[in-house]
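Colleague: Starting off with a structure, shown below.
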Amino acid sequence: MRKLAEHNIPLREASITQVHSVLRDGNPLIVHTSMFANALASLANPKQQQQWVPLAEKNRIIGTYAQTEIGHGTFVRGLETTAIFDPETKEFVLHSPTITSTKWWPGGLGKTANAAIVMAQLYTQGKCYGPHPFFVQLRDFDTHHSLPGVILGEIGPRLGINSQDNGYLRFDHYRIPRTNMLMRHSQVLEDGSYVKPIHNKLSYGTMVWTRVAIVHSCSKKLACAVTIATRYSAVRHQSELVPGKPEPQILEYQTQQYKLLPHIASVFAILFSASSVLRMQRNVAASISKGNVELLPELHILSCAMKALSSQDSTQGIETCRLACGGHGYIASSGLPSLYTSTTCTITYEGENTVLLLQVARYLIKSYRAGLEGLPVLPSVMYLTAPSAMHQSPPLSNQALIEAFRISSANLVKETESRLCRQFNLEQNFHYAWNRCSVALVHCAELHSRYYMCEKFLSTVESIRASDRVRSVLQDLCRLYLIHHITLNQGHFLRSGTLSGVDLSTLEEEMYELLAKLRPQAVPLVDAFDFRDELLGSTLGAWDGRVYERLYEEAQKSPLNKTDVSKAYHKYLQPLMKSNL
């Protein structure tokens, strides 16, 4: 928090990445500085912001965001915590009616936060209006004791990020003032009447912001992993490439280049895509302030797509980097295990990826059908019903490959929509038919998302202000990224007829040539990420290349090395050795 103050970064503008730069294994204030602050900024009305934001900025209020329950996560409409308006006292009564309604997972909730933005089912005048956000004080601001009617604690050890006290929360008919309902978009008046928002997705603002922040965070963590693995690969010498010759750097092996270079490219692809979504988010926010919500659904879907794809790519990429470091990648001091455990959680939090991809797929099918009927569709999906012929781009050029992604994505949506119709005719129930087609629908969403990421990578590289040498390297990285993902998804391109078997063979050969061409740039590329050794926290990836010395020095710090003979020897081993077992 002192670092944020020193650099004059307002609490609501402190990104997950900025806070991660201070503490790698998470910290109890991460949700306070990210989701809580931004929820107040996007969901509270001006009067409420005036009341609570200064206290949050000064850390008088330490907040968290309590939405997920032990029984429901991504399915927000299924939340069970209730907020029933009492017109006599002008209060909301918060209650957790079942064990599955227990709030579960919010960061900082266990022992740190004294307040929370709580999502609960709003009831007034005998009617439920769905989940709404409420500002709720949880602990006494002076003593930090939990308040009567509030039951909370910490949920126990997790796979990673154990510096953050993820918690649980239950309410026992806990009363809060009517004015604690965050009322920027909807409100309950004193007589209990409900004023609905101008658009039912306006409350998505915090989740959209968080998903964009996750995309940025994923790019940074993947960048840390490829920095560690690439530097290690430049230091490590192993085996004989040519019998009788000195052992080469393992980065000279094509298999090692294939493990690392595509993931270096992925860092740029994720980062450029995140920047694009962030620009769109700012434009949509400006439009909403003027009463225009037309682009909000597209922003929501785009944030779902990019969050799902970037978290998947970064998690898989970090694990590949760990494996690329052999046995040393398994040791905690390499920094790679903690990077993995702090990233893999992004696949499931703030929207489980499969569910998010199915939301994207639903949008694609709906837009495809609208386009067929001549109805207007939003810019990012106009291609679904556009002419499918390849434009007159040079064969296998970057633009031709983008066209191949576009047509293949549109073709897959078309095929899946036809399958959905056939299944509906058999089932006579849309929901059953949807479930029967859900794997294909996820593939539609993945290919659409990859097309978007590829297109943003290429357009950014083509327009970036850089020297010819830097631009050339970025172009090679972009080319590698496009070809790599085409070779991983060959079936889609063959089915759409955009690429032939000969084309794919040609591209695969070019990919191997690009690996060799980019190999001399590998270390400079990761050095350009400019991570301090303190941030990497790795014995394998420090800037000075003293891998073996650092591993040995770190081993000396093991508590087991404080004595020559362990206490366990006298207590367990010696009796065992003298026994007749």
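Chain lettering (A, B, ...) mirrors the order of the structure tokens, residue numbering begins at 1 for each chain separately, and ligand numbering begins at 1 in order of display.
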Give me, as a tab-separated table, each residue of stretch 260-325 of chain A that comes within 12 Å of stretch 29-44 of chain A, together with its shortest interatomic pair and the distance in Å at one decimal, counting only C-alpha atoms, with rows ordered by chain and rising residue number.
Modeller:
residue	atom	partner	partner_atom	distance
A:Ala285	CA	A:Ser42	CA	9.3
A:Ile288	CA	A:Ser42	CA	11.0
A:Ser289	CA	A:Ser42	CA	10.8
Colleague: Quick one: everything within 10 Å of A:Glu252, counting only C-alpha atoms, minus sequence neighbours fewer than 6 positions away in the same chain. Send it as a list in words.
Modeller: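 Near neighbours after the sequence-gap exclusion: Ser233, Ala234, His237, Leu241, Ala516, Arg519 and Pro520 of chain A.
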Colleague: Mind checking which residues fall within 9 Å of stretch 417-430 of chain A, counting only C-alpha atoms, ignoring those fewer than 5 positions away in the same chain, and posting them as a ChimeraX atom specification?
Modeller: /A:365,368-369,412,435-437,441
Colleague: Can I get the selection written as a PDB file, in the first residue's frame, with N, CA and C atoms?
Modeller:
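Generated file (selection-v3.pdb):
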ATOM      1  N   ILE A 365     -23.832 -18.163 -31.907  1.00  0.00           N
ATOM      2  CA  ILE A 365     -24.988 -18.793 -32.560  1.00  0.00           C
ATOM      3  C   ILE A 365     -26.108 -17.773 -32.751  1.00  0.00           C
ATOM      4  N   TYR A 368     -25.057 -15.371 -35.490  1.00  0.00           N
ATOM      5  CA  TYR A 368     -25.099 -16.039 -36.797  1.00  0.00           C
ATOM      6  C   TYR A 368     -26.530 -16.099 -37.319  1.00  0.00           C
ATOM      7  N   ARG A 369     -27.456 -16.477 -36.455  1.00  0.00           N
ATOM      8  CA  ARG A 369     -28.859 -16.561 -36.868  1.00  0.00           C
ATOM      9  C   ARG A 369     -29.419 -15.185 -37.197  1.00  0.00           C
ATOM     10  N   LEU A 412     -17.119 -23.267 -38.706  1.00  0.00           N
ATOM     11  CA  LEU A 412     -17.386 -24.102 -37.533  1.00  0.00           C
ATOM     12  C   LEU A 412     -18.684 -23.681 -36.852  1.00  0.00           C
ATOM     13  N   ASN A 435     -26.974 -29.036 -24.666  1.00  0.00           N
ATOM     14  CA  ASN A 435     -26.028 -29.866 -23.917  1.00  0.00           C
ATOM     15  C   ASN A 435     -25.401 -30.932 -24.811  1.00  0.00           C
ATOM     16  N   ARG A 436     -26.180 -31.488 -25.716  1.00  0.00           N
ATOM     17  CA  ARG A 436     -25.671 -32.508 -26.635  1.00  0.00           C
ATOM     18  C   ARG A 436     -24.626 -31.942 -27.596  1.00  0.00           C
ATOM     19  N   CYS A 437     -24.655 -30.642 -27.798  1.00  0.00           N
ATOM     20  CA  CYS A 437     -23.725 -29.993 -28.739  1.00  0.00           C
ATOM     21  C   CYS A 437     -22.665 -29.168 -28.023  1.00  0.00           C
ATOM     22  N   LEU A 441     -19.719 -26.581 -29.326  1.00  0.00           N
ATOM     23  CA  LEU A 441     -19.928 -25.156 -29.060  1.00  0.00           C
ATOM     24  C   LEU A 441     -18.695 -24.533 -28.407  1.00  0.00           C
TER      25      LEU A 441
END
Colleague: Would you list the contacts of A:Ser96 as a PDB file with N, CA and C atoms, in the first residue's frame, taking every protein, DNA or RNA residue within 6 Å and counting only C-alpha atoms, but skipping same-chain residues closer than 6 positions in sequence?
Modeller:
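around.pdb written:
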ATOM      1  N   THR A  81     -27.890 -16.483  -1.144  1.00  0.00           N
ATOM      2  CA  THR A  81     -27.930 -15.450  -0.110  1.00  0.00           C
ATOM      3  C   THR A  81     -29.042 -14.462  -0.439  1.00  0.00           C
ATOM      4  N   ARG A 170     -21.282 -16.169   6.357  1.00  0.00           N
ATOM      5  CA  ARG A 170     -22.711 -16.445   6.480  1.00  0.00           C
ATOM      6  C   ARG A 170     -23.389 -15.302   7.231  1.00  0.00           C
ATOM      7  N   PHE A 171     -24.649 -15.101   6.922  1.00  0.00           N
ATOM      8  CA  PHE A 171     -25.436 -14.074   7.607  1.00  0.00           C
ATOM      9  C   PHE A 171     -26.600 -14.729   8.344  1.00  0.00           C
TER      10      PHE A 171
END
Colleague: Excluding A:Pro28 and residues on its chain fewer than 4 positions from it, collect all residues at most 6 Å away from it, counting only C-alpha atoms, and give them as a PyMOL selection string.
Modeller: chain A and resi 108+164-165
Colleague: How about saving the chosen residues, N, CA and C atoms kept, as a short mmCIF file (atom, residue, chain, number, x, y, z; two decimals), in the first residue's frame?
Modeller:
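again10.cif was written with the following content:
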data_model
loop_
_atom_site.label_atom_id
_atom_site.label_comp_id
_atom_site.auth_asym_id
_atom_site.auth_seq_id
_atom_site.Cartn_x
_atom_site.Cartn_y
_atom_site.Cartn_z
N GLY A 108 -9.12 -12.28 1.17
CA GLY A 108 -9.09 -11.31 2.26
C GLY A 108 -10.26 -11.42 3.21
N GLN A 164 -2.85 -15.32 0.88
CA GLN A 164 -4.14 -14.63 0.82
C GLN A 164 -5.17 -15.43 1.62
N ASP A 165 -5.84 -14.77 2.55
CA ASP A 165 -6.77 -15.48 3.43
C ASP A 165 -8.16 -15.58 2.81
#
Colleague: I need the strand (DSSP E) residues of stretch 30-223 of chain A per DSSP on the backbone, written as number ranges by chain.
Modeller: A: 63-66, 82-86, 91-95, 103-104, 115-124, 127-137, 150-154, 167-171, 174-177, 187-188, 194-195
Colleague: Between A:Gly153, A:Pro87, A:Gly167, A:Gly160, which one has atoms that come closest to A:Ala66, using only C-alpha atoms?
Modeller: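 The shortest atom-to-atom distance to A:Ala66 comes from A:Gly167.
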